[in-house]
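J.: Okay, handing you the structure first.
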Amino acid sequence: MTAIQSYRNLPTQGDVETQQLDFSCVCCTSELVEMDPHCQQCYAPIEVSRSVAAREVQPEFISVLGASNAGKTVYLGLLLDMLGSRCSPIRATAQGTFSISLQEQVVNALQECRFPEKTPAESDLWKWLHCELSWAKNKKQTRQIDFIAPDFAGEAVAGELEQPGLYPAIGEVVSRSRGVLLLCDSAEVRDSGPREDLFAMKLASYISELYPQSARSKKSTLPAIAIVFTKSDTCPEAEEDPEQFAQNNMPRFVDFCQRKLPTRRFFAASVTGASCMVADDHLGYRNIPLHIEPRGIIQPLQWLVEKC
Amino acid sequence: MSLSSLLRNPFRQLTDAPVPLGSISGSRKTSSEIPSDVRRLIRDHRYFRVLAPQKGVEFDDISVSSAWQAVEQAMALVPEGTVLLRSPQVFDAAEFVGFDNIHTDPTPVKAFYLDRTAVTNADFLRFVEAGGYAHADLWPEEILPIVLQFTDQTGHPGPRHWSGGQPPKDKRDHPVVGVCWYEASAYAKWAGKQLPTPAQWQRAGTWMRSSGTSAEIHYPWGNSFDPKKANVWASGHHQTVSVTEYEQGNTLNGIRQLIGNVWEWVDAEYVIYSSNGQPVLMPESMGEVRGGAFDTYFSSHATCQFRTGKALTYRGANVGFRCGRGLERLSPPPVLANEDD
């Protein structure tokens, strides 16, 4: 036993392997063992499962999906920060310090007029959130749910679409989600031809394939899908009428949704008030936010929780 | 000389003559004695057309005196001094590209007048009704082809969110928004004023406690942000409010809402410098805006020092403007002129 282990009175490696925790992975329900910081099946952090076990409330999953650079990290981090404000229609209370890490990373970066670093593709490096959401259902009633949302890397989402099971956490979370936030970069949708349309259709297909039973029974247990056109400050067409923008620029995806995903709605959201591009010797051009004025960030989640 | 008298009588600075307080109001006349064309100019906040008339045009003492009364009511004198402007700069450190506002040397600012409030919808309506959008002299030549595109929701010349050439009835005392930098400049020119320079705008918010200390205050009321004193995201309105609200955030000389409610166009192009000479690309030329708006998320982006920009043709719901005017070439108040004689 090393000095540090002795000092902390921790078990040795040999003891650890046999010491099973009395709660399972909240993501894939695998058994968990002490000292492993992540589930060995899906790489969800054990602290998320511990946080859920301590609450004794069945949590709802919300998936945030999208291509690389769609703005998932910024959206999720700022969303959590806004939900902590007293002027938000939905309030969020972070469960566990790990839930604040993403918010901290995003808010600190935006305040300093830069975007946060890209989310790494390795699933054990993803940040997860566990929050209690509460909102007024009517004048007398307040509703509360626990929600869990991991910040998936866009590259991992693309990899999972190509080879389902490559990133088990994505499949597990999506298959258990009552709501999905599907983020699309509005300027890319407008300017890059059918690429974004096809990627979104693949995502929609992936989601629907994870719910085969419900389709047979014709009872809709499919998740509600909020399609969010991000960075709409650079794409006024998306901001003006997101539904029409989708029909004009993503006809394949819209058609697929009409056939397979009955509960869906289109939104537009943006975080920056203005931005510029700066040449970077290492990565080409880097986008720099000049000031932050969020729009349409809370509404998609508000719609989702009402549908859940 | 007291501070209040300095602010009330700017010509004290120019003439060095003792000026009794209220000397201007002492020559108050009934409105019927004021020529109708002057009354209209004053009503439209175009009093500097009287006080700094074009060559060959002269106004009588009654008109000049009335125009000065209007200036005192609608505008505040900002005393001369210096400001520490920050220069927006991109820097490249190892593999990290960052952005900061770098301090530059103190910039001198002469005394000037600044509107106490942002230009309201009611104010701007007078410009629209006077045919401001059709007056070619008010617009830069290169922008004339697109002035026709500066229309409201119904295709009438006017701010983007108006309808039928009219502002929303319940927002006449809100700052006009949906106007681009060119529309703001055209209005200022029509009114015989200018958009304030970045240094003037910053001086207006920081003059109170800047002398004697090395640091400028961050907000007109001090260094600590307070959402009860400015309409920003944290205040919870999430839309514009009347220009008379948030009185607690006023400057000592009665300038309202420098911080919050709407960003304000100033008379400068927004340019970002690069420490290593890297090219900085902007989607289009940008004008500088100051002060933050109802949807500004971080209080650190709504200080007197924070500089940012919007496309010169941006006609969003969160940018308005106010006007200013230097003291040069103004007719002194008649009483002053008599005393000098």
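Ligands are numbered from 1 in the order shown, chains are lettered A, B, ... in the order of the structure tokens, and residues start at 1 in each chain.
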Could you list, as a list in words, every residue of chain B that has an atom within 8 Å of an atom of chain A, counting only C-alpha atoms?
T.: Val90, Asp92, Glu95, Val97, Gly98, Phe99, Asp100, Ala234, Ser235, Gly236, Gln278, Pro279, Val280, Leu281, Met282, Pro283, Asp295, Thr296, Tyr297, Phe298, Ser300, His301, Thr308, Gly309 and Lys310 of chain B
J.: Write the residues of the preceding selection, restricted to C-alpha atoms, as a PDB file, in the first residue's frame.
T.:
ATOM      1  CA  VAL B  90      -6.720  39.676 -31.328  1.00  0.00           C
ATOM      2  CA  ASP B  92      -2.155  34.577 -30.846  1.00  0.00           C
ATOM      3  CA  GLU B  95      -2.065  27.445 -29.936  1.00  0.00           C
ATOM      4  CA  VAL B  97      -6.238  32.650 -30.291  1.00  0.00           C
ATOM      5  CA  GLY B  98      -7.753  35.148 -27.907  1.00  0.00           C
ATOM      6  CA  PHE B  99      -9.416  38.529 -27.949  1.00  0.00           C
ATOM      7  CA  ASP B 100      -9.095  41.427 -25.584  1.00  0.00           C
ATOM      8  CA  ALA B 234     -30.248  39.825 -15.951  1.00  0.00           C
ATOM      9  CA  SER B 235     -32.894  42.515 -15.343  1.00  0.00           C
ATOM     10  CA  GLY B 236     -35.517  40.187 -16.776  1.00  0.00           C
ATOM     11  CA  GLN B 278      -3.110  37.836 -38.669  1.00  0.00           C
ATOM     12  CA  PRO B 279      -5.951  38.783 -40.996  1.00  0.00           C
ATOM     13  CA  VAL B 280      -9.221  39.505 -39.192  1.00  0.00           C
ATOM     14  CA  LEU B 281     -12.254  38.801 -41.325  1.00  0.00           C
ATOM     15  CA  MET B 282     -15.611  40.385 -40.704  1.00  0.00           C
ATOM     16  CA  PRO B 283     -18.731  39.519 -42.661  1.00  0.00           C
ATOM     17  CA  ASP B 295     -30.366  41.109 -24.187  1.00  0.00           C
ATOM     18  CA  THR B 296     -26.721  41.593 -23.229  1.00  0.00           C
ATOM     19  CA  TYR B 297     -25.864  38.551 -21.170  1.00  0.00           C
ATOM     20  CA  PHE B 298     -22.672  39.501 -19.362  1.00  0.00           C
ATOM     21  CA  SER B 300     -18.835  42.903 -18.299  1.00  0.00           C
ATOM     22  CA  HIS B 301     -20.037  43.477 -21.873  1.00  0.00           C
ATOM     23  CA  THR B 308     -17.964  46.048 -29.775  1.00  0.00           C
ATOM     24  CA  GLY B 309     -19.577  46.291 -33.163  1.00  0.00           C
ATOM     25  CA  LYS B 310     -22.493  45.454 -35.398  1.00  0.00           C
TER      26      LYS B 310
END
J.: Find the residues near His38 in chain A: any atom within 10 Å, counting only C-alpha atoms, skip ones fewer than 4 places away on the same chain, and give them as a PDB file with N, CA and C atoms, in the first residue's frame.
T.:
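Full text of result.pdb as output:
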ATOM      1  N   CYS A  25     -24.938   1.606 -13.354  1.00  0.00           N
ATOM      2  CA  CYS A  25     -24.715   2.757 -14.245  1.00  0.00           C
ATOM      3  C   CYS A  25     -26.060   3.332 -14.683  1.00  0.00           C
ATOM      4  N   LEU A  32     -21.257  -1.434 -11.400  1.00  0.00           N
ATOM      5  CA  LEU A  32     -20.119  -0.522 -11.244  1.00  0.00           C
ATOM      6  C   LEU A  32     -19.268  -0.970 -10.069  1.00  0.00           C
ATOM      7  N   VAL A  33     -17.977  -0.717 -10.175  1.00  0.00           N
ATOM      8  CA  VAL A  33     -17.087  -1.047  -9.065  1.00  0.00           C
ATOM      9  C   VAL A  33     -16.391   0.219  -8.587  1.00  0.00           C
ATOM     10  N   GLU A  34     -16.103   0.222  -7.299  1.00  0.00           N
ATOM     11  CA  GLU A  34     -15.443   1.363  -6.666  1.00  0.00           C
ATOM     12  C   GLU A  34     -14.116   1.641  -7.360  1.00  0.00           C
ATOM     13  N   CYS A  42     -19.942   1.876 -20.920  1.00  0.00           N
ATOM     14  CA  CYS A  42     -20.323   3.038 -21.742  1.00  0.00           C
ATOM     15  C   CYS A  42     -19.482   4.277 -21.436  1.00  0.00           C
ATOM     16  N   TYR A  43     -18.647   4.204 -20.440  1.00  0.00           N
ATOM     17  CA  TYR A  43     -17.763   5.310 -20.035  1.00  0.00           C
ATOM     18  C   TYR A  43     -18.508   6.511 -19.459  1.00  0.00           C
ATOM     19  N   ALA A  44     -19.733   6.305 -19.014  1.00  0.00           N
ATOM     20  CA  ALA A  44     -20.414   7.379 -18.287  1.00  0.00           C
ATOM     21  C   ALA A  44     -19.720   7.550 -16.937  1.00  0.00           C
ATOM     22  N   PRO A  45     -19.544   8.768 -16.468  1.00  0.00           N
ATOM     23  CA  PRO A  45     -18.875   8.966 -15.178  1.00  0.00           C
ATOM     24  C   PRO A  45     -19.674   8.339 -14.036  1.00  0.00           C
ATOM     25  N   ILE A  46     -18.982   7.715 -13.128  1.00  0.00           N
ATOM     26  CA  ILE A  46     -19.664   7.088 -11.992  1.00  0.00           C
ATOM     27  C   ILE A  46     -20.327   8.146 -11.110  1.00  0.00           C
ATOM     28  N   GLU A  47     -19.746   9.332 -11.082  1.00  0.00           N
ATOM     29  CA  GLU A  47     -20.326  10.360 -10.216  1.00  0.00           C
ATOM     30  C   GLU A  47     -21.748  10.731 -10.661  1.00  0.00           C
ATOM     31  N   VAL A  48     -22.056  10.569 -11.962  1.00  0.00           N
ATOM     32  CA  VAL A  48     -23.425  10.832 -12.420  1.00  0.00           C
ATOM     33  C   VAL A  48     -24.367   9.783 -11.821  1.00  0.00           C
ATOM     34  N   SER A  49     -23.949   8.508 -11.901  1.00  0.00           N
ATOM     35  CA  SER A  49     -24.781   7.434 -11.344  1.00  0.00           C
ATOM     36  C   SER A  49     -24.926   7.593  -9.834  1.00  0.00           C
ATOM     37  N   SER A 123     -14.833   9.255 -25.130  1.00  0.00           N
ATOM     38  CA  SER A 123     -16.070   9.343 -24.349  1.00  0.00           C
ATOM     39  C   SER A 123     -15.824   9.494 -22.848  1.00  0.00           C
ATOM     40  N   ASP A 124     -14.657   9.071 -22.356  1.00  0.00           N
ATOM     41  CA  ASP A 124     -14.420   9.243 -20.920  1.00  0.00           C
ATOM     42  C   ASP A 124     -14.039  10.692 -20.581  1.00  0.00           C
ATOM     43  N   LEU A 125     -13.910  11.550 -21.594  1.00  0.00           N
ATOM     44  CA  LEU A 125     -13.601  12.959 -21.334  1.00  0.00           C
ATOM     45  C   LEU A 125     -14.828  13.863 -21.486  1.00  0.00           C
TER      46      LEU A 125
END
J.: Distance CA of Arg322 in chain B-CA of Asp233 in chain A, one decimal place?
T.: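 We find that CA of Arg322 in chain B and CA of Asp233 in chain A lie 24.6 Å from each other.
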J.: Do a neighbour search on Pro223 in chain A at 7 Å with only C-alpha atoms, toss out local chain neighbours closer than 6 positions, and write the hits as a VMD selection string.
T.: chain A and resid 177 to 180
J.: Please save N, CA and C atoms of the selected residues as a PDB file, in the first residue's frame.
T.:
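The resulting file, part-v9.pdb, is reproduced below:
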ATOM      1  N   SER A 177     -33.961   8.497 -24.030  1.00  0.00           N
ATOM      2  CA  SER A 177     -34.323   9.916 -23.964  1.00  0.00           C
ATOM      3  C   SER A 177     -35.804  10.130 -24.238  1.00  0.00           C
ATOM      4  N   ARG A 178     -36.409  10.977 -23.434  1.00  0.00           N
ATOM      5  CA  ARG A 178     -37.785  11.404 -23.700  1.00  0.00           C
ATOM      6  C   ARG A 178     -37.794  12.592 -24.659  1.00  0.00           C
ATOM      7  N   GLY A 179     -36.656  13.259 -24.739  1.00  0.00           N
ATOM      8  CA  GLY A 179     -36.559  14.410 -25.646  1.00  0.00           C
ATOM      9  C   GLY A 179     -35.177  14.485 -26.264  1.00  0.00           C
ATOM     10  N   VAL A 180     -35.128  14.943 -27.497  1.00  0.00           N
ATOM     11  CA  VAL A 180     -33.848  15.101 -28.202  1.00  0.00           C
ATOM     12  C   VAL A 180     -33.750  16.533 -28.723  1.00  0.00           C
TER      13      VAL A 180
END
J.: When DSSP is applied to the backbone of this structure, which of range 48-200 of chain A are assigned alpha helix (DSSP H)? Write them out as a PDB file with C-alpha atoms, in the first residue's frame.
T.:
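The resulting file, part_23.pdb, is shown below:
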ATOM      1  CA  VAL A  48     -23.425  10.832 -12.420  1.00  0.00           C
ATOM      2  CA  SER A  49     -24.781   7.434 -11.344  1.00  0.00           C
ATOM      3  CA  ARG A  50     -23.898   8.202  -7.722  1.00  0.00           C
ATOM      4  CA  SER A  51     -25.675  11.552  -7.946  1.00  0.00           C
ATOM      5  CA  VAL A  52     -28.801   9.899  -9.384  1.00  0.00           C
ATOM      6  CA  ALA A  53     -28.737   7.140  -6.759  1.00  0.00           C
ATOM      7  CA  ALA A  54     -28.546   9.719  -3.996  1.00  0.00           C
ATOM      8  CA  ARG A  55     -31.594  11.532  -5.331  1.00  0.00           C
ATOM      9  CA  LYS A  72     -23.676  21.628 -28.823  1.00  0.00           C
ATOM     10  CA  THR A  73     -21.223  22.481 -26.045  1.00  0.00           C
ATOM     11  CA  VAL A  74     -21.941  26.211 -26.107  1.00  0.00           C
ATOM     12  CA  TYR A  75     -25.684  25.601 -26.312  1.00  0.00           C
ATOM     13  CA  LEU A  76     -25.745  23.173 -23.407  1.00  0.00           C
ATOM     14  CA  GLY A  77     -23.374  25.167 -21.195  1.00  0.00           C
ATOM     15  CA  LEU A  78     -25.168  28.450 -21.724  1.00  0.00           C
ATOM     16  CA  LEU A  79     -28.572  26.788 -21.386  1.00  0.00           C
ATOM     17  CA  LEU A  80     -27.629  25.552 -17.945  1.00  0.00           C
ATOM     18  CA  ASP A  81     -26.365  28.985 -16.957  1.00  0.00           C
ATOM     19  CA  MET A  82     -29.558  30.662 -18.143  1.00  0.00           C
ATOM     20  CA  LEU A  83     -31.717  28.120 -16.334  1.00  0.00           C
ATOM     21  CA  PHE A  98     -19.510  17.764 -12.072  1.00  0.00           C
ATOM     22  CA  SER A  99     -22.717  19.269 -13.460  1.00  0.00           C
ATOM     23  CA  ILE A 100     -21.242  22.747 -13.149  1.00  0.00           C
ATOM     24  CA  SER A 101     -18.031  21.986 -15.054  1.00  0.00           C
ATOM     25  CA  LEU A 102     -19.528  22.404 -18.504  1.00  0.00           C
ATOM     26  CA  GLN A 103     -21.344  25.591 -17.513  1.00  0.00           C
ATOM     27  CA  GLU A 104     -18.121  26.947 -16.017  1.00  0.00           C
ATOM     28  CA  GLN A 105     -16.092  26.106 -19.111  1.00  0.00           C
ATOM     29  CA  VAL A 106     -18.592  27.722 -21.490  1.00  0.00           C
ATOM     30  CA  VAL A 107     -19.469  30.808 -19.466  1.00  0.00           C
ATOM     31  CA  ASN A 108     -15.850  31.681 -18.690  1.00  0.00           C
ATOM     32  CA  ALA A 109     -14.919  31.380 -22.347  1.00  0.00           C
ATOM     33  CA  LEU A 110     -17.858  33.429 -23.664  1.00  0.00           C
ATOM     34  CA  GLN A 111     -17.353  36.136 -21.084  1.00  0.00           C
ATOM     35  CA  GLY A 154     -19.731  15.751 -32.828  1.00  0.00           C
ATOM     36  CA  GLU A 155     -17.072  13.403 -34.181  1.00  0.00           C
ATOM     37  CA  ALA A 156     -18.348  10.696 -31.849  1.00  0.00           C
ATOM     38  CA  VAL A 157     -21.938  11.247 -32.986  1.00  0.00           C
ATOM     39  CA  ALA A 158     -20.794  10.883 -36.600  1.00  0.00           C
ATOM     40  CA  GLY A 159     -18.800   7.761 -35.696  1.00  0.00           C
ATOM     41  CA  GLU A 160     -21.767   6.229 -33.922  1.00  0.00           C
ATOM     42  CA  LEU A 161     -23.977   6.854 -36.952  1.00  0.00           C
ATOM     43  CA  GLU A 162     -21.469   5.106 -39.189  1.00  0.00           C
ATOM     44  CA  PRO A 168     -22.215   2.850 -26.436  1.00  0.00           C
ATOM     45  CA  ALA A 169     -23.125   5.887 -24.319  1.00  0.00           C
ATOM     46  CA  ILE A 170     -24.720   7.617 -27.300  1.00  0.00           C
ATOM     47  CA  GLY A 171     -26.984   4.699 -28.129  1.00  0.00           C
ATOM     48  CA  GLU A 172     -27.880   4.145 -24.479  1.00  0.00           C
ATOM     49  CA  VAL A 173     -28.710   7.800 -23.844  1.00  0.00           C
ATOM     50  CA  VAL A 174     -30.675   8.302 -27.062  1.00  0.00           C
ATOM     51  CA  SER A 175     -32.678   5.111 -26.553  1.00  0.00           C
ATOM     52  CA  ARG A 176     -33.685   6.286 -23.086  1.00  0.00           C
ATOM     53  CA  SER A 186     -28.006  27.278 -39.730  1.00  0.00           C
ATOM     54  CA  ALA A 187     -25.365  28.880 -41.949  1.00  0.00           C
ATOM     55  CA  GLU A 188     -24.031  25.439 -42.891  1.00  0.00           C
ATOM     56  CA  VAL A 189     -27.546  24.267 -43.675  1.00  0.00           C
ATOM     57  CA  ARG A 190     -28.048  27.268 -45.941  1.00  0.00           C
ATOM     58  CA  ASP A 191     -24.641  27.228 -47.609  1.00  0.00           C
ATOM     59  CA  ARG A 195     -24.572  17.686 -46.578  1.00  0.00           C
ATOM     60  CA  GLU A 196     -26.339  18.942 -43.439  1.00  0.00           C
ATOM     61  CA  ASP A 197     -29.691  17.721 -44.747  1.00  0.00           C
ATOM     62  CA  LEU A 198     -28.351  14.204 -45.151  1.00  0.00           C
ATOM     63  CA  PHE A 199     -26.523  14.203 -41.823  1.00  0.00           C
ATOM     64  CA  ALA A 200     -29.689  15.299 -40.019  1.00  0.00           C
TER      65      ALA A 200
END
J.: Which neighbours of Thr230 in chain A fall inside 7 Å, counting only C-alpha atoms, when residues of the same chain fewer than 3 positions from it are skipped, and could you give them as a PyMOL selection string?
T.: chain A and resi 70-71+183-186+268-270
J.: Grab the CA of Gly249 in chain B to CA of Gly178 in chain B distance for me, in Å with one decimal place.
T.: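 Taking CA of Gly249 in chain B as the start and CA of Gly178 in chain B as the end point, the length is 24.2 Å.
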J.: Would you please work out which residue, of A:Phe61, A:Phe266, A:Trp135, A:Tyr206, is nearest to Glu243 in chain A when using only C-alpha atoms?
T.: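 Distance minimum relative to Glu243 in chain A lands on A:Phe266.
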